[in-house]
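Here is the structure we will look at, set down as structure tokens.
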Amino acid sequence: MTQILFHNINKKNLHTLEVYEQEGGYQGLKKAFAREPDEIVEMVKASGLRGRGGAGFPTGLKWSFLAKDVFPRYLCCNADESEPGTCKDRELLLKNPHLLIEGMILCSYACKIETGYIYLRGEFYDLCEIMEGAIEEAYAKGYLGKNILGSGFNLDIHTHLGAGAYICGEESALLNSLEGGRGEPRMKPPFPAVQGLYEKPTVINNVETLCVVPYIVNNGAEKHAAIGTEKSKGTKLVSVSGHVKKPGNYEVVMGTTVREIIYDLAGGIRDDNELKAYIPGGSSVPMVPADQVDTPYDYESLQAIGTMLGSGALIVIDHTVNVVETSLRLASFYMHESCGKCTPCREGTRWMWQLLNQIQTGQGEAAHVDKLVDICDNMSFKCFCPLGDAAVAPVISSIQKFRADYDELIEKLTANPAV
Amino acid sequence: MADDQVTLTIDDQTVSVPKGTKVVDAAKSVGIEIPVFCYHEKLGPLGCCRMCLVEVEKMPKLMTACTMDVGPDMVVKTTTPKVEKAQKGVLEFTLLNHPLDCPVCDKGGECPLQNNTFKYGPGDTRMDFHRAENLKAGPLSPVITLDRERCIACQRCTRYSEVIEQDNALVMHNRGFNNEVGTFNNEPYDTRFSGNVIDICPVGALTNSQFRFKARTWDLTNSDTLCAHCGCNCNMTLGVRTNKFMRIEARPNDLVDDGWICDKARWGYDFLESKNRLVEARTVPDNGTMVFSSPTTQDAAVRTAEAIKKIVDEHGPESVGFIGSPYGTNEELYLYQKLFRLGFGTNNIDHKTYADSPGLPIDHYDVSEIETADLVLVIASDPTEELPILDLRIKKVVTRHGVKLAVLNDQATLMDKYAHLSLRYNIGSDAGVFAALTAAISGEGMADIKTTGIKADQLKSLVEMLRASKKVTLIYNSSALTGQSVAVLKQLMAMIKNIPSIECGAIPAVPHTNAVGAMDMGILPDYYPGGVPVADGEAIQQTWGETAPTQPGLSAMEMIRKAESGELKALLVYRANPVVDFPGGKQVEEALKKLDLLVVHDMFETETAKLAHILLPSNGPGVDDGTTTNIGGRVQFRKGGLKTAHPPDWKIISLMANTVSEEGDGINYITSFSVTDEIAKNVPGYAEISKKSIKKEGMTRVSSASINATGAVSKESSPPKPEALKLRIANYLFAHNTILDATSTLAHHFKPSIVHMHASDAKKLKLKNEDDVVVVSGDTQVSAQVEISNRCNPGGVVLPNISDEQGVWGLANSRDSVTWVEIRKV
Amino acid sequence: MFAFSKEAEKKIEKILKKYPEGRKRSALLPLLTLVQRQERHVNPDAMREIGRRLDLSPAYVQSVCSFYTMYSNKPVGKYLILFCINISCQLNGCDELLAHTAKKLNIEIGGTTEDMKFTLHREECLAACSGGPMMRINDTFYENLTAEKIDQILGSLD
Ligand SMILES: Cc1cc2nc3c(=O)[nH]c(=O)nc-3n(C[C@H](O)[C@H](O)[C@H](O)COP(=O)(O)O)c2cc1C
Ligand code: SF4
Ligand code: FES
């Protein structure tokens, strides 16, 4: 299988500049500096790279939206990785920090940016130190700082740690947090490309997205565009977790089927149990029943079955689980992480949790499920930011796909209230 | 023009509004209501409550009308089933943890939550779990009650604190469902403008503690009135029930207050029911000729007029005088000057102790002109303490409209934080600085400004800033200037006007309610109403008749001096308290005691009233009607609200006039507006002012042109003793005085006496923070604690006037020169 | 009274350099993090001090501080155990292991041992999902936990 991020991920001391260079690291810079910045943007456009943070927005296009002639501009690398099920950025940061730095340099050169921040979730304190070590090495070697490799291009990169808030992964909340505020999302428009960090044009990209850029610059847009499906180009890191024998991060070519990922790469279901459902893109996307396990893992195919690729977190659930349990856990997560700014999300996540908790603890009635569905509808697309919709996705999909689980729990507990 | 208009369709109606208008406001402009909670025009969009969802053609999702700009050919629908379901849903969420205690809620009857629920809400709730328990109502400050259970987390109040007051004192704590409004460490939220959060809270979460449980909102009789504290004349509503004062709320008028009022406006009205009020006319029985007591007010007024007249007949018109008040209405002041000029034949009329003359060499700008300026230059003014609403307006334009702010003052103020350039001159050096600026602007080059405490490059930066501006608004407080420097300042204005690229106007920012009106009404010894100089005999006789006096009269301070020397026999003091507020303190008191007749017409038993032979009760604001002219020259109607058996002041004054009228055919005014009409006829600049023209937003009067002011730069006086320091008396918004007395709702704002020193002086005098000292001048001393705050340049001290009792004005000899004080440790 | 340690002061100097002029508010989270790590909680005195340095109202500092879960208002133990309970770990049995840990430490979830050595928190996803069940103790991630492994880890900490 083609690998562009993980082919050498377990190489010893890859995190050091020395080994990274031996592996061909930082070669992209010279190639890039020989071209005009705009050409790099065009190249990334042509490569078909789409954002790996969750929304899948075409990366080159995003870069080209930057407000013209407004400077300074900023780059924010989104290393907040907080979507339940997702742990791929962490592996990249831990094992290959220079790849991210190189990606950020290339992006900054293309977008005429002179300052970049890596916003790491607060719990990544250890990774932050690794990252800072790598940044220091890059400065010492002249990959960062003034007049990089004699190109006349300057770039500073700084780390910035969050402090425990899932919402700060949402790009505008991230900006507020980076500016020393509460991590509440901002009104859009204006979009970050026009008014982002410090009201200046800003690019925000996920760690994985930026890590793909050196490959594109080194090998050409066509090479990248040749990988994957017609519309989903390249490879994707998939964090496989849950009931599989070999959980872990796997790099797969877009379009690989979910079955291949679960059974071939991750070794199949634990104890050879039956697959019940999977969540393909992190907790915020609808769950899928086992009969759709042959769906190709790419943006379009997953959308076609009513779910999303999201952040690339494949959560596998076997037949021993009643989905009310997972729904309740996720509802509790979203209640905990709702920033509280908007009414439907703040109140709705809590109400959902209340109802699910009632069902789970034996005070549920059939009417509760209908009520849940209606609350979900009252939240859907009516919240300030996508977190509200995210909170709805796992619950509503679990009801739609596994209503029997709810009924079973309600009936069993009504019949036997002592439990 | 047409380029800036956008045409769209809302509920099948075609709407045309300026570009950048929010859909919610566009709808409102054609009478379509889109319900909102978090949106507030003055705070800008936030989009958090989701109440305003509407359908917009070609948009897949419902959109929030409060955050969305109108677009050309946009098609908006506000009543589709989809919208209605969303509204019900949002309201259901909003009410989920709301206590639904409308029957005992002070907001009941005027609550957007109640109204929206009624109009758009679900019939009942489907919530079947325990409502979130929250703290019961408790004090957010001594004057505001916070009921967290009722809060819907719309963030209006916290954004007010962030965006308008800009102090971030009220904030959102915690996250998600635990979000709550609060202060740092639960400390009280007691800022200068805290009360506005009550008006903008769309539910009963923030209520006025003074009004709690006193009345239902629908039982109130509200009168649209004006605040009578400072020269901003903010618009407010006085709520009254069974002729008792209940509460005050803001009544937005963008041209005056931008929608806000300060806390002194909201809670500084206890004086309406103060124990200290004069409720009946009184005379001192054993004062020679007058042996009556407790007369009716009318009787006392008649006798007053007769008694003064008698003195005029015996000693001539120069022997009587009138000290009026910058707090009176135009009508009251107009009638008083008329009484003294025409009835008693004297120009001994004044209302102030500092130098100033009516009129400006440049435009008199209305307050709202600040919004369109590109440079605001604040001179010797401390808006935050003196004209609070101006503080909000300046902060707004500087932080949100990109207006530049320059500050020229002898003391640090809160404006400095917002200023792009802040120059601090030495106390008493104002004239020197103005003269140097004039010279620099006129191209005469840089004068020697070494002694002013300002550096040449600073002055240059200011000149550059001025020259680079297209529209300049000058804000200056002549009552904080020394000597005759106001005249030098007016020369500076004239010089700026000469630069053709600059449009320029000024706002005279004397703090008192009707300081501008008092000047306009000719409460001056040398000017008739409308800035007509006494020398202009022809004009005067045309309006005021043959007998109108054309000799300049005595100024207020001169009257005090002549009282001392016995040349002035009778003085009528109207709503002023010279014993406390005039330079001299004790001396003033001694002088007044020497008068044959002292009449005090006031609302309170002031220190001056205690010396009076005749006391006439004044109704004052909250009771009497009248107009006032604010610092922007805007004339507005100040309606009363409470009823009383006493005749209004304007009636008392006209009764006096009729008593002494030769022909005995004085005018009988029917309402205060009858006087206003006469003002329109007789006072230049007021011709357009009438009951009708000022009804809605008030109307600016035409400012009189300035007479070429001449003022010399006075010599710097030298210290009487080497350790003497120059005194600057500063204002404090919540000073403890007759208006905010000991029982005031705002008593928590009273401050101890503090003398602000420069570190270098403190070092020389071996003083440290919190040392107890006395500030001494002559045989007057004022106790204070030292605060080393560098509030003024070395060589001076700043002493805020924090109470009447403190007696700061006793330290000053006059306003003509700088007062030197010594700081002695006790 | 609160004071930053010498070491922290050095870090502050570096931190302030990260952000453009006039944007020192950006240093708020980093400074709060320094306090949390130094004092194992953030108290009002420290908030006041941070506000003074960054020119922010103390209420603002508290408002931001209370938004983020990694700042606590009372001291946490020498070892702060964040036990992930989110979906991937849940599927792999974290609930039993969390209960086991609480029992082992003889504290409630959310509590701190009397000797102030351990604090145990239920935590949302920590981005180690394919290693679940997992926990983070101070800055270290421990993955693929079992009851024995937990006992051993706890035992190795002094
Ligand atoms: C609630 C929420 C949480 C998110 N969390 C993350 C995250 O942890 N990491 C991330 O890269 N993107 C996250 N995103 C997506 C970002 O908003 C943004 O789309 C992304 O960083 C853009 O980068 P990309 O184009 O490279 O994907 C989140 C979005 C939402 C709505
Ligand atoms: S107190 Fe009132 S204004 Fe403030 S957030 Fe709550 S509901 Fe809004
Ligand atoms: S009024 Fe539009 S979201 Fe609150």
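Letters A, B, ... mark the chains of the structure tokens in the order given; residue numbers begin at 1 per chain; ligand numbers begin at 1, in order shown.
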I'd like the neighbourhood of range 29-34 of chain C as a compact mmCIF listing (two decimals) with all heavy atoms, in the first residue's frame, where a residue qualifies if any of its atoms comes within 8 Å (using only C-alpha atoms), though same-chain residues fewer than 4 positions away should be ignored.
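Here's the written file selection.txt:
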```txt
# COMPACT_ATOMS: atom_id res chain seq x y z
N HIS A 160 1.78 26.81 21.11
CA HIS A 160 0.83 27.42 22.05
C HIS A 160 -0.05 26.30 22.59
O HIS A 160 -0.69 25.59 21.81
CB HIS A 160 -0.01 28.49 21.35
CG HIS A 160 -0.94 29.20 22.28
ND1 HIS A 160 -0.66 30.44 22.82
CD2 HIS A 160 -2.15 28.84 22.77
CE1 HIS A 160 -1.66 30.81 23.60
NE2 HIS A 160 -2.57 29.86 23.59
N LEU A 161 -0.07 26.18 23.90
CA LEU A 161 -0.85 25.10 24.51
C LEU A 161 -2.23 25.56 24.93
O LEU A 161 -2.39 26.64 25.51
CB LEU A 161 -0.13 24.59 25.76
CG LEU A 161 0.99 23.57 25.58
CD1 LEU A 161 1.74 23.42 26.90
CD2 LEU A 161 0.44 22.22 25.12
N GLY A 162 -3.22 24.76 24.64
CA GLY A 162 -4.56 25.00 25.16
C GLY A 162 -4.62 24.55 26.61
O GLY A 162 -3.59 24.35 27.25
N ALA A 163 -5.83 24.37 27.10
CA ALA A 163 -5.92 24.01 28.51
C ALA A 163 -7.14 23.17 28.83
O ALA A 163 -7.69 23.24 29.93
CB ALA A 163 -5.92 25.28 29.36
N SER A 177 -9.06 31.26 21.64
CA SER A 177 -8.23 30.69 22.69
C SER A 177 -6.78 31.16 22.54
O SER A 177 -6.13 31.53 23.51
CB SER A 177 -8.32 29.17 22.63
OG SER A 177 -7.55 28.59 23.65
N GLY A 180 -6.05 34.43 23.87
CA GLY A 180 -6.19 34.59 25.32
C GLY A 180 -7.62 34.74 25.77
O GLY A 180 -7.91 35.41 26.76
N ALA C 8 9.82 30.17 36.46
CA ALA C 8 8.62 30.60 35.71
C ALA C 8 8.87 31.96 35.09
O ALA C 8 8.48 32.20 33.94
CB ALA C 8 7.42 30.65 36.65
N ILE C 12 8.26 33.09 31.35
CA ILE C 12 7.34 34.19 30.97
C ILE C 12 8.01 35.09 29.94
O ILE C 12 7.40 35.49 28.95
CB ILE C 12 6.92 35.00 32.20
CG1 ILE C 12 6.05 34.14 33.11
CG2 ILE C 12 6.17 36.26 31.80
CD1 ILE C 12 5.69 34.77 34.44
N ILE C 15 7.74 33.40 26.74
CA ILE C 15 6.35 33.32 26.28
C ILE C 15 5.91 34.63 25.67
O ILE C 15 5.33 34.68 24.59
CB ILE C 15 5.41 32.93 27.46
CG1 ILE C 15 5.64 31.47 27.85
CG2 ILE C 15 3.95 33.18 27.11
CD1 ILE C 15 4.99 31.07 29.16
N GLN C 38 2.89 25.36 38.88
CA GLN C 38 3.68 25.78 40.04
C GLN C 38 2.93 25.54 41.35
O GLN C 38 3.47 25.02 42.31
CB GLN C 38 4.03 27.27 39.91
CG GLN C 38 4.82 27.82 41.08
CD GLN C 38 5.13 29.31 40.88
OE1 GLN C 38 5.52 29.74 39.81
NE2 GLN C 38 4.92 30.09 41.94
N VAL C 42 -5.01 27.32 40.55
CA VAL C 42 -4.91 28.75 40.26
C VAL C 42 -5.82 29.50 41.23
O VAL C 42 -7.03 29.30 41.23
CB VAL C 42 -5.36 29.07 38.81
CG1 VAL C 42 -5.13 30.54 38.50
CG2 VAL C 42 -4.62 28.19 37.81
N MET C 47 -4.49 35.12 39.78
CA MET C 47 -5.25 35.73 38.66
C MET C 47 -5.03 37.23 38.64
O MET C 47 -4.85 37.83 37.59
CB MET C 47 -6.74 35.44 38.83
CG MET C 47 -7.08 33.97 38.67
SD MET C 47 -8.86 33.75 38.75
CE MET C 47 -8.94 32.05 39.27
N ILE C 50 -1.62 37.92 37.22
CA ILE C 50 -1.58 37.74 35.77
C ILE C 50 -2.28 38.92 35.09
O ILE C 50 -1.80 39.46 34.10
CB ILE C 50 -2.24 36.40 35.36
CG1 ILE C 50 -1.36 35.25 35.84
CG2 ILE C 50 -2.44 36.33 33.86
CD1 ILE C 50 -1.94 33.87 35.54
N CYS C 65 -10.08 31.55 32.79
CA CYS C 65 -9.56 30.43 33.58
C CYS C 65 -10.65 29.39 33.83
O CYS C 65 -10.42 28.19 33.70
CB CYS C 65 -9.02 30.99 34.90
SG CYS C 65 -8.29 29.76 35.96
N TYR C 71 -7.38 23.95 34.51
CA TYR C 71 -7.07 24.81 35.65
C TYR C 71 -8.01 24.44 36.79
O TYR C 71 -9.21 24.30 36.57
CB TYR C 71 -7.27 26.29 35.28
CG TYR C 71 -6.50 26.71 34.06
CD1 TYR C 71 -7.14 27.32 32.98
CD2 TYR C 71 -5.13 26.49 33.97
CE1 TYR C 71 -6.42 27.69 31.85
CE2 TYR C 71 -4.41 26.87 32.85
CZ TYR C 71 -5.07 27.47 31.79
OH TYR C 71 -4.37 27.84 30.68
```
Compile the residues of chain A that lie within 7 Å of chain B, evaluated using only C-alpha atoms, and express the compilation as a PDB file with C-alpha atoms, in the first residue's frame.
```
ATOM      1  CA  HIS A 336     -19.284  18.533  29.041  1.00  0.00           C
ATOM      2  CA  GLU A 337     -17.727  20.182  26.008  1.00  0.00           C
ATOM      3  CA  SER A 338     -20.485  22.498  24.865  1.00  0.00           C
ATOM      4  CA  CYS A 339     -19.045  25.963  25.306  1.00  0.00           C
ATOM      5  CA  GLY A 340     -22.444  27.200  26.427  1.00  0.00           C
ATOM      6  CA  LYS A 341     -22.563  30.154  24.125  1.00  0.00           C
ATOM      7  CA  CYS A 342     -25.674  29.183  22.220  1.00  0.00           C
ATOM      8  CA  THR A 343     -28.933  28.086  23.724  1.00  0.00           C
ATOM      9  CA  PRO A 344     -29.834  24.956  21.737  1.00  0.00           C
ATOM     10  CA  ARG A 346     -26.070  24.368  25.917  1.00  0.00           C
ATOM     11  CA  GLU A 347     -29.555  23.241  26.884  1.00  0.00           C
ATOM     12  CA  GLY A 348     -30.047  20.556  24.262  1.00  0.00           C
ATOM     13  CA  ASN A 378     -34.591  21.269  17.249  1.00  0.00           C
ATOM     14  CA  PHE A 381     -28.426  23.128  12.101  1.00  0.00           C
ATOM     15  CA  LYS A 382     -29.781  25.621  14.574  1.00  0.00           C
ATOM     16  CA  PHE A 384     -24.017  28.477  16.533  1.00  0.00           C
TER      17      PHE A 384
END
```
| task | Compute the chain C side of the contact with chain A at 10 Å, counting only C-alpha atoms, and hand it back as number ranges by chain. | result | C: 15, 17-20, 22-30, 32-33, 60-61, 63-71, 82, 85-93, 123-133, 136, 138-141
| request: Kindly compile the residues surrounding ligand 1 within 8 Å, counting only C-alpha atoms and all ligand atoms, and format them as a ChimeraX atom specification. | output: /A:50-59,62,77-83,166-172,204-210,311,385-387,390
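Neighbouring residues of ligand 2 at a cut-off of 8 Å, counting only C-alpha atoms and all ligand atoms, are B:Phe37, B:Cys38, B:Leu146, B:Asp147, B:Arg148, B:Arg150, B:Cys151, B:Ile152, B:Ala153, B:Cys154, B:Gln155, B:Arg156, B:Cys157, B:Thr158, B:Met172, B:Glu180, B:Val181, B:Val197, B:Ile198, B:Ile200, B:Cys201, B:Pro202, B:Val203, B:Gly204, B:Ala205, B:Leu206.
Picture a line from CA of Gly632 in chain B to CA of Gly517 in chain B; it runs 10.7 Å.
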| message | With only C-alpha atoms as the counted atoms, please give the residues lying no more than 12 Å from Trp544 in chain B, apart from itself and same-chain residues fewer than 3 positions off, as a count of residues only. | response | 25
| What's the 10 Å shell around Thr101 in chain C, counting only C-alpha atoms, without same-chain residues fewer than 6 positions away, as a VMD selection string? | chain C and resid 81 83 95 107 to 109 120 147 150 to 151 154
| field | Polymer residues at most 10 Å from Leu75 in chain A, only C-alpha atoms, same-chain spacing of 5 or more positions, as a list in words | value | Met104, Ile105, Cys107, Ser108, Cys111, Lys112, Ile113, Glu114, Thr115, Gly116, Tyr117, Ile118, Ile157, Ala193, Gly196, Leu197, Pro201, Thr202, Val203, Ile204 and Asn205 of chain A
| task | Write down as a list in words the residues of range 58-161 of chain B whose backbone DSSP state falls under alpha helix (DSSP H). | result | Pro81, Lys82, Val83, Glu84, Lys85, Ala86, Gln87, Lys88, Gly89, Val90, Leu91, Glu92, Phe93, Thr94, Leu95, Pro112, Leu113, Gln114, Asn115, Asn116, Thr117, Phe118, Lys119, Tyr120, Arg156, Cys157, Thr158 and Arg159 of chain B
Output N, CA and C atoms for every residue in the selection just made, as a compact mmCIF listing (two decimals), in the first residue's frame.
```txt
# COMPACT_ATOMS: atom_id res chain seq x y z
N PRO B 81 -43.49 27.45 8.52
CA PRO B 81 -43.58 26.39 9.53
C PRO B 81 -42.20 26.00 10.07
N LYS B 82 -41.21 26.00 9.21
CA LYS B 82 -39.86 25.65 9.64
C LYS B 82 -39.36 26.65 10.69
N VAL B 83 -39.62 27.91 10.41
CA VAL B 83 -39.19 28.96 11.34
C VAL B 83 -39.96 28.84 12.65
N GLU B 84 -41.27 28.61 12.52
CA GLU B 84 -42.08 28.54 13.73
C GLU B 84 -41.66 27.36 14.61
N LYS B 85 -41.33 26.25 13.98
CA LYS B 85 -40.88 25.10 14.78
C LYS B 85 -39.57 25.44 15.47
N ALA B 86 -38.69 26.09 14.74
CA ALA B 86 -37.41 26.46 15.33
C ALA B 86 -37.60 27.42 16.50
N GLN B 87 -38.50 28.39 16.33
CA GLN B 87 -38.74 29.36 17.42
C GLN B 87 -39.27 28.65 18.66
N LYS B 88 -40.22 27.75 18.43
CA LYS B 88 -40.76 26.99 19.57
C LYS B 88 -39.65 26.19 20.24
N GLY B 89 -38.82 25.58 19.39
CA GLY B 89 -37.74 24.76 19.92
C GLY B 89 -36.77 25.59 20.75
N VAL B 90 -36.38 26.72 20.21
CA VAL B 90 -35.42 27.56 20.92
C VAL B 90 -36.02 28.07 22.23
N LEU B 91 -37.29 28.46 22.18
CA LEU B 91 -37.91 28.94 23.41
C LEU B 91 -38.02 27.83 24.44
N GLU B 92 -38.28 26.63 23.95
CA GLU B 92 -38.36 25.50 24.88
C GLU B 92 -37.00 25.30 25.57
N PHE B 93 -35.93 25.39 24.79
CA PHE B 93 -34.60 25.28 25.38
C PHE B 93 -34.35 26.42 26.37
N THR B 94 -34.75 27.60 25.95
CA THR B 94 -34.49 28.79 26.78
C THR B 94 -35.19 28.69 28.13
N LEU B 95 -36.39 28.16 28.09
CA LEU B 95 -37.20 28.11 29.31
C LEU B 95 -36.93 26.88 30.15
N PRO B 112 -38.95 40.77 27.71
CA PRO B 112 -38.91 40.16 26.39
C PRO B 112 -39.10 38.64 26.42
N LEU B 113 -38.61 37.99 27.46
CA LEU B 113 -38.77 36.54 27.53
C LEU B 113 -40.25 36.17 27.64
N GLN B 114 -40.93 36.90 28.53
CA GLN B 114 -42.36 36.68 28.70
C GLN B 114 -43.10 36.94 27.38
N ASN B 115 -42.76 38.06 26.76
CA ASN B 115 -43.44 38.43 25.52
C ASN B 115 -43.18 37.45 24.39
N ASN B 116 -41.92 37.09 24.22
CA ASN B 116 -41.59 36.16 23.14
C ASN B 116 -42.25 34.81 23.37
N THR B 117 -42.27 34.38 24.61
CA THR B 117 -42.87 33.09 24.91
C THR B 117 -44.35 33.12 24.56
N PHE B 118 -44.98 34.22 24.91
CA PHE B 118 -46.40 34.36 24.64
C PHE B 118 -46.66 34.31 23.15
N LYS B 119 -45.81 35.00 22.38
CA LYS B 119 -46.04 35.11 20.94
C LYS B 119 -45.55 33.90 20.15
N TYR B 120 -44.40 33.39 20.51
CA TYR B 120 -43.78 32.38 19.66
C TYR B 120 -43.56 31.04 20.34
N ARG B 156 -25.80 39.63 27.15
CA ARG B 156 -25.93 41.07 26.92
C ARG B 156 -25.16 41.86 27.98
N CYS B 157 -25.34 41.46 29.22
CA CYS B 157 -24.74 42.23 30.31
C CYS B 157 -23.22 42.15 30.28
N THR B 158 -22.71 40.96 30.01
CA THR B 158 -21.26 40.82 30.04
C THR B 158 -20.64 41.48 28.81
N ARG B 159 -21.40 41.47 27.73
CA ARG B 159 -20.86 42.16 26.56
C ARG B 159 -20.95 43.67 26.73
```
